[in-house]
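Novice: Take a look at the following structure, please.
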Amino acid sequence: MPTIPPSGAFLSLLNPSNWKPYNASSEGTSSDSESDTSEPSECPSTKDHGPFSWAPWQARTGFMRPILSQSPHAGAPHQWQSKEDNDAVWSFVTKFWTLSQTERVNYIRRSRVDNDSRGRILYLDWFKAESPKWAFNRVILSSLSECGVDPYSTLKQLDGSTKVIGLTSPSSIPS
């Protein structure tokens with residue numbers, strides 16, 4: 001069964017319709033002057049949403065605000081700062097977000113030729129250049145190791161099993 005590549009999984013995570021407003025007080029922390037989450041006016045109106053307000057995300061990726069928007073803004077990657085390129089990427093990602101998981105597998109393929117090819121290529125080229133810097137695989141492997149499991153045994157348990165892999169301790173969850 002085909003699976004979505006990391007570029008598609010990442011794009012799914014960036015879908016603003018999946019985000020809930022971040023509320024510091026609901027997280028048990030108070031709002032203080034040290035954590036300024038205001039966005040410049042040229043940024044999308046998705047203030048304090050999604051992974052962009054998470055300190056570990058910001059440290060790993062360097063993104064402090066959403067990178068995808070209907071109009072170009074200062075926080076977007078330089079590859080789609082022009083209106084024309086941003087429009088192409090926006091058209092591609094908004095279509096991607098409307099598709100089912102199964103449809104996304106084929107839609108994200110670089111070889112696919114359609115009206116969104118230009119936006120797809122801009123996004124995929126950007127992802128290919130940037131994602132190795134984030135070392136997500138290393139984070140996943142170290143998290144599994146800290147929990148006392150390895151990728152092989154995890155996948156083996158998923159094959160028809162309903163057994164849940166428990167954490168060795170709450171402190172083993174990486175931040």
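Ordering of the structure tokens sets the chain letters (A, B, ...), residue numbers begin anew at 1 in every chain, and ligands are numbered from 1 in the order given.
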Can you pull out the residues contacting region 81-94 of chain A? Cut-off 6 Å, using only C-alpha atoms, and skip same-chain residues under 5 positions away; I want them as a list in words.
Specialist: Gln70, Pro72, Asp116, Gly119 and Arg120 of chain A
